[in-house]
file work-v5.txt (compact mmCIF, C-alpha atoms and all ligand atoms)
# COMPACT_ATOMS: atom_id res chain seq x y z
CA MET A 121 14.16 24.72 19.94
CA ASN A 122 13.93 25.09 16.18
CA ASP A 123 13.49 28.70 15.15
CA ILE A 124 13.72 28.27 11.38
CA THR A 125 10.54 29.44 9.69
CA LEU A 126 9.90 29.19 5.96
CA ALA A 127 9.23 32.35 4.04
CA PRO A 128 5.89 32.10 2.19
CA ILE A 129 6.29 30.87 -1.39
CA GLN A 130 5.74 33.69 -3.89
CA PRO A 131 3.49 32.85 -6.85
CA ASP A 132 6.13 34.02 -9.37
CA GLN A 133 9.00 32.22 -7.67
CA PRO A 134 10.51 29.55 -9.95
CA SER A 135 10.36 26.05 -8.49
CA HIS A 136 13.43 23.86 -8.56
CA LEU A 137 11.39 20.73 -8.07
CA MET A 138 11.31 18.28 -10.97
CA ALA A 139 7.80 18.40 -12.37
CA THR A 140 6.98 14.73 -11.71
CA TYR A 141 3.79 15.36 -9.74
CA GLY A 142 0.53 17.09 -10.49
CA ARG A 143 0.19 18.90 -7.18
CA GLN A 144 -2.89 20.47 -5.64
CA ALA A 145 -2.33 24.11 -4.68
CA ILE A 146 -2.73 23.56 -0.97
CA SER A 147 -0.33 22.65 1.79
CA PHE A 148 -0.97 21.28 5.23
CA VAL A 149 1.18 22.37 8.13
CA ARG A 150 -0.25 20.20 10.89
CA GLY A 151 -2.22 17.00 11.38
CA ARG A 152 -3.94 15.18 14.20
CA GLY A 153 -5.54 11.77 13.81
CA ALA A 154 -7.96 11.88 10.87
CA TYR A 155 -7.64 15.65 10.38
CA LEU A 156 -5.24 17.95 8.51
CA TYR A 157 -4.83 21.71 8.99
CA THR A 158 -3.63 24.53 6.76
CA GLU A 159 -1.65 27.50 8.05
CA ASP A 160 -4.81 29.52 8.68
CA GLY A 161 -6.24 26.70 10.82
CA THR A 162 -8.79 25.35 8.33
CA GLU A 163 -9.58 21.72 9.18
CA TYR A 164 -9.86 18.96 6.57
CA LEU A 165 -11.06 15.40 7.11
CA ASP A 166 -8.41 13.14 5.61
CA ALA A 167 -9.82 10.06 3.86
CA LEU A 168 -6.54 9.45 2.02
CA THR A 169 -3.87 9.43 4.79
CA GLY A 170 -0.96 10.14 2.46
CA ILE A 171 -2.12 7.28 0.16
CA ALA A 172 -2.64 4.51 2.74
CA VAL A 173 0.43 5.52 4.71
CA CYS A 174 -0.69 7.15 7.97
CA GLY A 175 -2.97 4.28 9.02
CA LEU A 176 -2.82 5.32 12.67
CA GLY A 177 -3.61 8.91 11.72
CA HIS A 178 -1.41 11.99 11.69
CA ALA A 179 1.03 12.86 14.48
CA HIS A 180 0.11 9.81 16.53
CA PRO A 181 1.50 10.67 19.99
CA VAL A 182 3.07 7.24 20.61
CA ILE A 183 4.79 7.15 17.20
CA ALA A 184 5.86 10.79 17.52
CA GLU A 185 7.41 10.10 20.90
CA ALA A 186 9.27 7.00 19.64
CA ILE A 187 10.69 8.98 16.70
CA ALA A 188 11.73 11.93 18.87
CA GLU A 189 13.30 9.82 21.58
CA GLN A 190 15.20 7.57 19.18
CA ALA A 191 16.32 10.54 17.05
CA ALA A 192 17.83 12.08 20.16
CA THR A 193 19.52 8.78 21.09
CA LEU A 194 20.82 7.00 17.97
CA VAL A 195 19.56 7.16 14.38
CA HIS A 196 21.83 4.93 12.35
CA THR A 197 24.85 2.68 12.72
CA SER A 198 24.64 0.53 9.52
CA ASN A 199 24.01 -3.14 8.93
CA LEU A 200 27.66 -3.83 9.73
CA PHE A 201 26.51 -4.06 13.34
CA GLU A 202 23.79 -5.80 15.34
CA ILE A 203 20.66 -3.64 15.56
CA PRO A 204 18.43 -4.84 18.41
CA TRP A 205 15.48 -2.70 17.27
CA GLN A 206 15.73 -4.32 13.80
CA THR A 207 15.65 -7.80 15.34
CA ALA A 208 12.69 -6.77 17.49
CA ALA A 209 10.85 -5.23 14.51
CA ALA A 210 11.41 -8.43 12.50
CA GLN A 211 10.05 -10.49 15.39
CA LYS A 212 6.90 -8.36 15.48
CA LEU A 213 6.44 -8.46 11.71
CA ALA A 214 6.92 -12.23 11.66
CA GLU A 215 4.30 -12.52 14.40
CA VAL A 216 1.63 -10.56 12.52
CA SER A 217 2.43 -11.96 9.06
CA GLY A 218 3.31 -15.61 9.68
CA MET A 219 6.42 -15.11 7.54
CA GLU A 220 9.86 -16.41 8.55
CA GLU A 221 12.58 -14.10 7.20
CA ILE A 222 12.43 -10.34 6.81
CA PHE A 223 14.60 -7.86 4.91
CA PHE A 224 13.97 -4.20 5.66
CA SER A 225 14.01 -1.64 2.86
CA ASN A 226 12.87 1.99 2.52
CA SER A 227 9.97 1.96 0.09
CA GLY A 228 7.45 -0.17 -1.71
CA ALA A 229 9.29 -0.34 -5.01
CA GLU A 230 12.49 -1.34 -3.26
CA SER A 231 10.64 -4.12 -1.45
CA ASN A 232 9.28 -5.41 -4.75
CA GLU A 233 12.77 -5.25 -6.25
CA GLY A 234 13.78 -7.62 -3.45
CA ALA A 235 10.91 -9.96 -4.33
CA ILE A 236 11.88 -9.95 -8.03
CA LYS A 237 15.49 -10.74 -7.10
CA ILE A 238 14.28 -13.62 -4.91
CA ALA A 239 12.24 -15.01 -7.85
CA ARG A 240 15.24 -14.75 -10.19
CA LYS A 241 17.48 -16.48 -7.62
CA PHE A 242 14.89 -19.21 -7.13
CA GLY A 243 14.70 -19.78 -10.90
CA THR A 244 18.44 -19.65 -11.43
CA GLN A 245 18.95 -22.30 -8.77
CA GLN A 246 16.65 -24.56 -10.76
CA GLY A 247 18.58 -24.01 -13.96
CA VAL A 248 16.10 -21.59 -15.53
CA SER A 249 18.28 -19.15 -17.45
CA SER A 250 15.67 -16.41 -17.96
CA PRO A 251 13.12 -16.77 -15.15
CA LYS A 252 9.67 -15.27 -15.75
CA ILE A 253 7.11 -13.89 -13.31
CA ILE A 254 3.37 -13.69 -13.96
CA VAL A 255 1.83 -10.28 -13.18
CA ALA A 256 -1.65 -8.84 -13.62
CA GLU A 257 -3.21 -6.24 -15.88
CA GLN A 258 -3.98 -2.91 -14.10
CA SER A 259 -1.41 -3.76 -11.43
CA PHE A 260 0.90 -1.25 -9.76
CA HIS A 261 4.23 -2.34 -8.31
CA GLY A 262 6.36 0.81 -8.34
CA ARG A 263 8.49 3.18 -10.41
CA THR A 264 11.94 1.57 -10.53
CA LEU A 265 12.89 -0.10 -13.81
CA ALA A 266 11.99 -3.64 -12.75
CA THR A 267 8.84 -2.63 -10.86
CA LEU A 268 7.54 -0.35 -13.63
CA SER A 269 8.09 -3.25 -16.00
CA ALA A 270 5.91 -5.36 -13.67
CA THR A 271 3.27 -2.63 -13.49
CA GLY A 272 0.23 -3.08 -15.75
CA ASN A 273 -0.14 0.55 -16.77
CA LYS A 274 1.21 1.95 -20.04
CA LYS A 275 1.45 5.49 -18.62
CA VAL A 276 3.93 4.29 -16.00
CA GLN A 277 6.07 2.56 -18.65
CA ASP A 278 5.86 5.08 -21.48
CA GLY A 279 9.27 6.31 -22.64
CA PHE A 280 11.25 4.02 -20.37
CA ALA A 281 12.07 1.20 -22.77
CA PRO A 282 13.76 -1.23 -22.66
CA LEU A 283 11.59 -2.79 -19.97
CA THR A 284 12.93 -5.87 -18.21
CA ASN A 285 11.67 -9.05 -19.85
CA ASP A 286 10.79 -10.84 -16.61
CA PHE A 287 7.04 -10.45 -16.84
CA ILE A 288 4.10 -12.28 -18.40
CA ARG A 289 0.79 -10.46 -18.03
CA VAL A 290 -2.63 -11.98 -17.33
CA PRO A 291 -6.02 -10.43 -16.50
CA PHE A 292 -6.52 -9.98 -12.73
CA GLY A 293 -8.69 -12.73 -11.27
CA ASP A 294 -8.40 -14.98 -14.34
CA ILE A 295 -7.15 -18.44 -13.28
CA GLU A 296 -7.47 -19.94 -16.76
CA ALA A 297 -5.14 -17.28 -18.14
CA ILE A 298 -2.52 -18.36 -15.60
CA GLN A 299 -2.94 -22.00 -16.61
CA GLU A 300 -2.65 -21.01 -20.25
CA ALA A 301 0.55 -19.04 -19.54
CA ALA A 302 1.96 -22.07 -17.71
CA LEU A 303 1.51 -24.16 -20.86
CA GLN A 304 3.17 -21.58 -23.09
CA HIS A 305 6.09 -20.51 -20.90
CA PRO A 306 8.20 -23.23 -19.24
CA ASP A 307 10.40 -20.52 -17.68
CA ILE A 308 7.78 -19.20 -15.21
CA VAL A 309 9.06 -19.36 -11.63
CA ALA A 310 6.74 -17.04 -9.72
CA ILE A 311 3.58 -14.96 -9.70
CA LEU A 312 3.35 -11.45 -8.23
CA ILE A 313 -0.07 -9.92 -7.53
CA GLU A 314 -1.86 -7.48 -5.26
CA PRO A 315 -4.70 -9.08 -3.23
CA ILE A 316 -6.77 -5.97 -4.06
CA GLN A 317 -5.46 -3.68 -6.78
CA GLY A 318 -5.07 -0.23 -5.25
CA GLU A 319 -3.90 2.19 -7.95
CA GLY A 320 -5.79 0.11 -10.53
CA GLY A 321 -9.13 1.13 -8.97
CA ILE A 322 -9.68 -0.89 -5.75
CA ASN A 323 -10.22 -3.96 -7.91
CA THR A 324 -11.19 -7.14 -6.14
CA ALA A 325 -11.04 -10.40 -8.09
CA PRO A 326 -14.45 -11.57 -9.39
CA GLN A 327 -14.21 -14.63 -7.13
CA GLY A 328 -13.08 -12.51 -4.16
CA PHE A 329 -10.18 -13.62 -2.00
CA SER A 330 -10.60 -17.26 -3.11
CA TYR A 331 -8.59 -16.08 -6.15
CA LEU A 332 -5.58 -16.13 -3.80
CA GLU A 333 -6.33 -19.73 -2.81
CA GLU A 334 -6.57 -20.73 -6.47
CA VAL A 335 -3.27 -18.99 -7.21
CA ARG A 336 -1.68 -20.79 -4.24
CA THR A 337 -2.81 -24.15 -5.65
CA ILE A 338 -1.36 -23.38 -9.09
CA CYS A 339 1.92 -22.20 -7.54
CA ASN A 340 2.14 -25.47 -5.61
CA GLN A 341 1.40 -27.54 -8.73
CA HIS A 342 4.13 -25.82 -10.77
CA ASN A 343 6.62 -25.18 -7.95
CA TRP A 344 6.33 -21.39 -8.42
CA LEU A 345 6.81 -18.80 -5.73
CA MET A 346 3.57 -17.12 -4.75
CA MET A 347 4.50 -13.46 -4.19
CA LEU A 348 2.00 -10.93 -2.82
CA ASP A 349 2.42 -7.18 -3.06
CA GLU A 350 0.73 -5.94 0.13
CA ILE A 351 2.36 -2.54 0.04
CA GLN A 352 -1.07 -0.89 0.06
CA THR A 353 -3.30 -3.70 1.43
CA GLY A 354 -1.04 -4.54 4.39
CA ASN A 355 -0.76 -3.26 7.95
CA GLY A 356 -4.43 -3.58 8.79
CA ARG A 357 -5.79 -1.69 5.79
CA THR A 358 -8.34 -4.33 4.68
CA GLY A 359 -9.47 -5.42 8.15
CA LYS A 360 -6.87 -8.19 8.50
CA TYR A 361 -3.24 -7.50 9.26
CA PHE A 362 -2.44 -8.65 5.73
CA ALA A 363 -5.15 -9.15 3.13
CA TYR A 364 -4.21 -12.79 2.45
CA GLN A 365 -5.31 -13.49 6.04
CA HIS A 366 -8.87 -13.29 4.73
CA THR A 367 -7.97 -16.79 3.42
CA ASN A 368 -6.13 -19.78 4.88
CA ILE A 369 -3.14 -19.57 2.55
CA VAL A 370 0.29 -18.02 3.15
CA PRO A 371 2.40 -16.63 0.28
CA ASP A 372 6.06 -17.58 -0.16
CA VAL A 373 7.11 -13.97 -0.59
CA LEU A 374 5.33 -10.91 0.84
CA THR A 375 6.14 -7.24 0.37
CA THR A 376 4.86 -4.28 2.35
CA ALA A 377 5.66 -0.59 2.95
CA LYS A 378 3.16 2.36 3.17
CA GLY A 379 1.36 1.72 6.50
CA LEU A 380 4.39 -0.05 8.00
CA GLY A 381 5.97 3.23 9.13
CA ASN A 382 2.89 5.49 9.47
CA GLY A 383 4.77 8.08 7.35
CA PHE A 384 8.34 7.13 8.17
CA PRO A 385 9.90 5.65 5.00
CA VAL A 386 10.26 1.92 5.54
CA GLY A 387 9.44 -1.25 3.63
CA ALA A 388 9.98 -4.97 3.92
CA VAL A 389 10.24 -8.10 1.84
CA MET A 390 9.45 -11.30 3.71
CA THR A 391 9.79 -14.98 2.91
CA GLN A 392 8.63 -18.32 4.26
CA GLY A 393 8.72 -21.93 3.12
CA LYS A 394 10.65 -22.58 -0.06
CA ALA A 395 11.62 -18.91 -0.47
CA VAL A 396 13.63 -18.90 2.77
CA GLY A 397 17.41 -18.62 2.45
CA LEU A 398 17.51 -17.59 -1.21
CA LEU A 399 19.18 -14.27 -0.43
CA GLY A 400 22.32 -15.08 1.52
CA PRO A 401 25.30 -13.00 2.66
CA GLY A 402 26.33 -10.38 0.10
CA SER A 403 23.38 -10.96 -2.24
CA HIS A 404 21.24 -7.99 -1.21
CA GLY A 405 21.53 -4.88 0.88
CA SER A 406 20.44 -1.32 1.56
CA THR A 407 22.35 1.32 3.49
CA TYR A 408 19.21 2.82 4.99
CA GLY A 409 17.33 -0.48 5.30
CA GLY A 410 16.39 -1.18 8.91
CA THR A 411 18.16 1.73 10.59
CA VAL A 412 17.90 1.95 14.35
CA LEU A 413 15.34 4.73 14.01
CA GLY A 414 13.35 3.11 11.17
CA SER A 415 13.24 -0.21 13.00
CA ARG A 416 12.02 1.36 16.20
CA VAL A 417 9.26 3.05 14.22
CA VAL A 418 8.22 -0.28 12.65
CA TYR A 419 8.19 -1.95 16.04
CA THR A 420 6.16 0.88 17.57
CA VAL A 421 3.68 1.05 14.68
CA ILE A 422 2.92 -2.68 14.87
CA ASP A 423 2.75 -2.58 18.66
CA THR A 424 0.36 0.39 18.52
CA ILE A 425 -1.84 -1.22 15.86
CA GLN A 426 -2.10 -4.26 18.15
CA LYS A 427 -2.76 -2.31 21.35
CA GLU A 428 -5.43 -0.12 19.71
CA ASN A 429 -7.10 -3.16 18.06
CA ALA A 430 -6.86 -1.05 14.91
CA VAL A 431 -7.16 -4.02 12.53
CA GLU A 432 -10.46 -5.09 14.07
CA ASN A 433 -11.56 -1.45 14.01
CA ALA A 434 -10.77 -1.20 10.30
CA ALA A 435 -12.91 -4.29 9.65
CA VAL A 436 -15.90 -3.06 11.67
CA VAL A 437 -15.87 0.65 10.78
CA GLY A 438 -14.91 -0.11 7.15
CA ARG A 439 -17.85 -2.52 6.85
CA TYR A 440 -20.10 0.21 8.29
CA ILE A 441 -18.87 2.78 5.76
CA VAL A 442 -19.38 0.37 2.84
CA ASP A 443 -22.88 -0.61 4.05
CA GLN A 444 -23.88 3.02 4.58
CA LEU A 445 -22.55 4.07 1.18
CA ARG A 446 -24.47 1.24 -0.50
CA THR A 447 -27.66 2.23 1.32
CA GLN A 448 -27.34 6.00 1.01
CA LEU A 449 -26.27 5.90 -2.64
CA ALA A 450 -28.66 3.09 -3.59
CA ASP A 451 -30.52 5.27 -6.10
CA LYS A 452 -27.27 6.29 -7.82
CA ASN A 453 -25.51 4.30 -10.50
CA VAL A 454 -22.45 3.53 -8.38
CA GLN A 455 -20.69 0.38 -7.22
CA VAL A 456 -19.07 0.35 -3.78
CA ARG A 457 -16.27 -2.18 -3.28
CA GLY A 458 -13.39 -2.97 -0.99
CA PHE A 459 -12.60 -4.29 2.46
CA GLY A 460 -11.84 -2.55 5.73
CA MET A 461 -10.51 0.94 5.16
CA MET A 462 -9.69 0.35 1.49
CA ILE A 463 -12.85 1.43 -0.30
CA GLY A 464 -13.60 2.33 -3.89
CA ILE A 465 -16.75 3.94 -5.26
CA GLN A 466 -17.02 3.27 -8.97
CA LEU A 467 -18.86 6.17 -10.59
CA PRO A 468 -20.57 5.92 -13.98
CA LYS A 469 -18.26 8.60 -15.45
CA ASP A 470 -14.79 10.10 -15.12
CA CYS A 471 -14.70 12.13 -11.93
CA ALA A 472 -11.17 13.48 -11.38
CA GLU A 473 -12.66 16.92 -10.62
CA LEU A 474 -14.28 15.50 -7.47
CA VAL A 475 -10.94 15.76 -5.66
CA ALA A 476 -11.03 19.58 -5.85
CA ILE A 477 -14.77 19.82 -5.15
CA ALA A 478 -14.45 17.59 -2.07
CA ARG A 479 -11.50 19.60 -0.84
CA ASP A 480 -12.83 23.09 -1.44
CA GLN A 481 -16.55 22.65 -0.75
CA HIS A 482 -16.60 19.84 1.82
CA LYS A 483 -13.13 20.12 3.41
CA LEU A 484 -12.64 16.46 2.60
CA ILE A 485 -9.46 14.88 1.21
CA ILE A 486 -10.10 11.99 -1.18
CA ASN A 487 -8.43 10.56 -4.24
CA VAL A 488 -9.72 9.48 -7.63
CA THR A 489 -7.94 6.60 -9.32
CA ALA A 490 -8.42 4.76 -12.62
CA GLY A 491 -10.40 7.80 -13.88
CA SER A 492 -13.75 7.07 -12.32
CA VAL A 493 -13.13 5.48 -8.91
CA VAL A 494 -13.33 7.56 -5.73
CA ARG A 495 -10.70 5.98 -3.51
CA LEU A 496 -11.02 6.14 0.27
CA LEU A 497 -8.07 5.19 2.47
CA PRO A 498 -9.01 6.66 5.87
CA PRO A 499 -7.03 5.95 9.04
CA ILE A 500 -7.56 2.33 10.13
CA ASN A 501 -8.28 3.58 13.66
CA MET A 502 -11.01 5.98 12.51
CA THR A 503 -13.84 6.20 15.03
CA GLN A 504 -17.51 5.57 14.28
CA ALA A 505 -18.22 9.30 14.80
CA GLN A 506 -15.50 10.26 12.31
CA ALA A 507 -16.92 7.69 9.88
CA ASP A 508 -20.32 9.40 10.16
CA ASP A 509 -18.61 12.74 9.51
CA LEU A 510 -16.94 11.22 6.43
CA LEU A 511 -20.22 9.72 5.19
CA GLU A 512 -22.08 12.99 5.52
CA ARG A 513 -19.52 14.93 3.48
CA LEU A 514 -19.08 12.18 0.91
CA VAL A 515 -22.73 11.37 0.28
CA THR A 516 -23.52 15.06 -0.17
CA LEU A 517 -20.59 15.37 -2.57
CA ILE A 518 -21.67 12.43 -4.73
CA ASN A 519 -25.38 13.28 -4.60
CA ASN A 520 -24.61 16.78 -5.82
CA TYR A 521 -22.35 15.45 -8.55
CA LEU A 522 -24.48 12.69 -10.09
C1 LIG B 601 2.48 2.41 -3.52
C2 LIG B 601 2.66 1.04 -4.06
C3 LIG B 601 3.90 0.58 -4.53
C4 LIG B 601 5.11 1.49 -4.61
O1 LIG B 601 5.52 1.93 -3.35
P1 LIG B 601 6.57 3.16 -3.27
O2 LIG B 601 6.84 3.27 -1.79
O3 LIG B 601 5.92 4.35 -3.84
O4 LIG B 601 7.77 2.74 -4.02
C5 LIG B 601 3.99 -0.71 -4.99
N1 LIG B 601 2.93 -1.54 -4.96
C6 LIG B 601 1.73 -1.14 -4.51
C7 LIG B 601 0.59 -2.11 -4.50
C8 LIG B 601 1.55 0.16 -4.06
O5 LIG B 601 0.33 0.56 -3.65
call {"tool": "encode", "arguments": {"input": "work-v5.txt", "output": "structure tokens", "more": "lines below"}}
Ligand SMILES: *Cc1c(COP(=O)(O)O)cnc(C)c1O
result
Amino acid sequence: MNDITLAPIQPDQPSHLMATYGRQAISFVRGRGAYLYTEDGTEYLDALTGIAVCGLGHAHPVIAEAIAEQAATLVHTSNLFEIPWQTAAAQKLAEVSGMEEIFFSNSGAESNEGAIKIARKFGTQQGVSSPKIIVAEQSFHGRTLATLSATGNKKVQDGFAPLTNDFIRVPFGDIEAIQEAALQHPDIVAILIEPIQGEGGINTAPQGFSYLEEVRTICNQHNWLMMLDEIQTGNGRTGKYFAYQHTNIVPDVLTTAKGLGNGFPVGAVMTQGKAVGLLGPGSHGSTYGGTVLGSRVVYTVIDTIQKENAVENAAVVGRYIVDQLRTQLADKNVQVRGFGMMIGIQLPKDCAELVAIARDQHKLIINVTAGSVVRLLPPINMTQAQADDLLERLVTLINNYL
């Protein structure tokens, strides 16, 4: 059907790509489930899944079929018209999240932009002229101007002044710092945090998920919006559909993306309770947001996660991986943390070079974040046998390294 083949890239060929990424000199041409393949057929076990994106694994047959069929039927009409697949996707997402209203976007950063706009609207309606949002140190919320201003990482912000002045920063997990900020800044209207910090190093709060309950209480006391960035932690990643479901609370605003499309670019910002209705007609929009094709993918991804019991699988197999790593690396100076299929191994030293060693010597794709944390984001539907395969490669890698 498609007879276009790419000529091999010559080493001396100039690249027209903007040099924004530090790329590994390898490319994959095919994937299946938890495995990736290069042109010559070499197989790699993928414990990264495109950075928590392909939660159902690569080339999932049900998702592939939905994309192909919808692409051959109708891709896009615009939000000027009713889009039944968008309504159906929203229904599904409401069901798994407990949220009321959903706006579809195309990425994580764009979803967080929506959340920041909702917070500003909420504040403005209460007569706050310059509404402020509390964010955490070591957080990551995206690369647009507002979301990089929210991000707690100087490298992300460097050279992009002026930052927006919406944000007040506190240490992650520190409730007293939030109470202190409340005393100092009468203009606070919301708090935006990740339940587990992904880019920051798979950081869980010292008090665990009860941090979220404490934040909820403070938000209620001060009439702030509680906004959770579940772009990485959502869609089954931590062994619950959304990470806040490890608690009994519900946020007012919730953002997600990454695993929502299993590789198709989609995102969402959701509201419930006092955040409902803040963005009315004409106040927000996105040409590509919730296309017929994108919406069908969202619907199919959620439906498939449900039918495969992938969230429960992530909890059980993720727990097994964490337990095994703790046992098998007990004599090493490492700390294993995380929930479900979002796992970090804190090493006693910087270990960025492990990415290449894992890839070249063990045919294993991992990531290192925050300098010294091996980050594992395997498919949420990874089998026990694949988990054993992962453990064998990983434990050998770390044992040889430390
Ligand atoms: C990846 C990520 C984002 C940004 O998502 P993009 O789709 O790259 O814009 C924001 N927040 C968190 C927690 C993320 O992990």
call {"tool": "residues_near_ligand", "arguments": {"input": "work-v5.txt", "ligand": "ligand LIG 601 (chain B)", "cutoff": "7 Å", "atoms": "only C-alpha atoms and all ligand atoms", "output": "VMD selection string"}}
result
chain A and resid 227 to 230 260 to 263 314 317 to 319 349 to 352 377 to 378
call {"tool": "axis_aligned_box", "arguments": {"input": "work-v5.txt", "around": "segment 151-156 of chain A", "padding_each_side": "4 Å", "output": "AutoDock Vina command-line options"}}
result
--center_x -5.1 --center_y 14.9 --center_z 11.4 --size_x 13.7 --size_y 14.2 --size_z 13.7
call {"tool": "closest_atom_pairs", "arguments": {"input": "work-v5.txt", "of": "segment 230-335 of chain A", "to": "segment 450-459 of chain A", "cutoff": "9 Å", "atoms": "only C-alpha atoms", "output": "JSON lines"}}
result
{"residue": "A:Ile316", "atom": "CA", "partner": "A:Gly458", "partner_atom": "CA", "distance": 7.9}
{"residue": "A:Ile322", "atom": "CA", "partner": "A:Gly458", "partner_atom": "CA", "distance": 6.4}
{"residue": "A:Asn323", "atom": "CA", "partner": "A:Gly458", "partner_atom": "CA", "distance": 7.7}
{"residue": "A:Thr324", "atom": "CA", "partner": "A:Gly458", "partner_atom": "CA", "distance": 7.0}
call {"tool": "residues_around", "arguments": {"input": "work-v5.txt", "residues": "segment 277-293 of chain A", "least_positions_apart": "3", "cutoff": "7 Å", "atoms": "all atoms listed in the file", "output": "list in words"}}
result
Pro251, Lys252, Ile253, Ile254, Val255, Ala256, Glu257, Leu265, Ala266, Leu268, Ser269, Ala270, Asn273, Lys274, Ala297, Ile298, Ala325, Pro326 and Tyr331 of chain A
call {"tool": "write_last_selection", "arguments": {"input": "work-v5.txt", "atoms": "C-alpha atoms", "output": "compact mmCIF listing (two decimals), keeping the file's coordinate frame"}}
result
# COMPACT_ATOMS: atom_id res chain seq x y z
CA PRO A 251 13.12 -16.77 -15.15
CA LYS A 252 9.67 -15.27 -15.75
CA ILE A 253 7.11 -13.89 -13.31
CA ILE A 254 3.37 -13.69 -13.96
CA VAL A 255 1.83 -10.28 -13.18
CA ALA A 256 -1.65 -8.84 -13.62
CA GLU A 257 -3.21 -6.24 -15.88
CA LEU A 265 12.89 -0.10 -13.81
CA ALA A 266 11.99 -3.64 -12.75
CA LEU A 268 7.54 -0.35 -13.63
CA SER A 269 8.09 -3.25 -16.00
CA ALA A 270 5.91 -5.36 -13.67
CA ASN A 273 -0.14 0.55 -16.77
CA LYS A 274 1.21 1.95 -20.04
CA ALA A 297 -5.14 -17.28 -18.14
CA ILE A 298 -2.52 -18.36 -15.60
CA ALA A 325 -11.04 -10.40 -8.09
CA PRO A 326 -14.45 -11.57 -9.39
CA TYR A 331 -8.59 -16.08 -6.15
call {"tool": "closest_residue", "arguments": {"input": "work-v5.txt", "among": "A:Ala505, A:Ala388, A:Leu312, A:Ile129", "to": "Glu221 of chain A", "atoms": "all atoms listed in the file"}}
result
A:Ala388
call {"tool": "residues_around", "arguments": {"input": "work-v5.txt", "residues": "segment 169-181 of chain A", "least_positions_apart": "5", "cutoff": "10 Å", "atoms": "all atoms listed in the file", "output": "MDAnalysis selection string"}}
result
chainID A and resid 150:156 186:187 318:319 351:357 377:385 421 424:425 428 430:431 434 461:462 485:487 495:502
call {"tool": "atom_distance", "arguments": {"input": "work-v5.txt", "atom1": "atom CA of Ala363 of chain A", "atom2": "atom CA of Ser330 of chain A"}}
result
11.6 Å
call {"tool": "closest_residue", "arguments": {"input": "work-v5.txt", "among": "A:His305, A:His404, A:Lys360, A:Lys275", "to": "Asn433 of chain A", "atoms": "all atoms listed in the file"}}
result
A:Lys360
call {"tool": "atom_distance", "arguments": {"input": "work-v5.txt", "atom1": "atom CA of Val493 of chain A", "atom2": "atom CA of Gln506 of chain A"}}
result
21.9 Å
call {"tool": "residues_near_point", "arguments": {"input": "work-v5.txt", "point": "(14.3, -13.0, 12.9)", "cutoff": "8 Å", "atoms": "all atoms listed in the file", "output": "PyMOL selection string"}}
result
chain A and resi 207-208+210-211+214+220-222
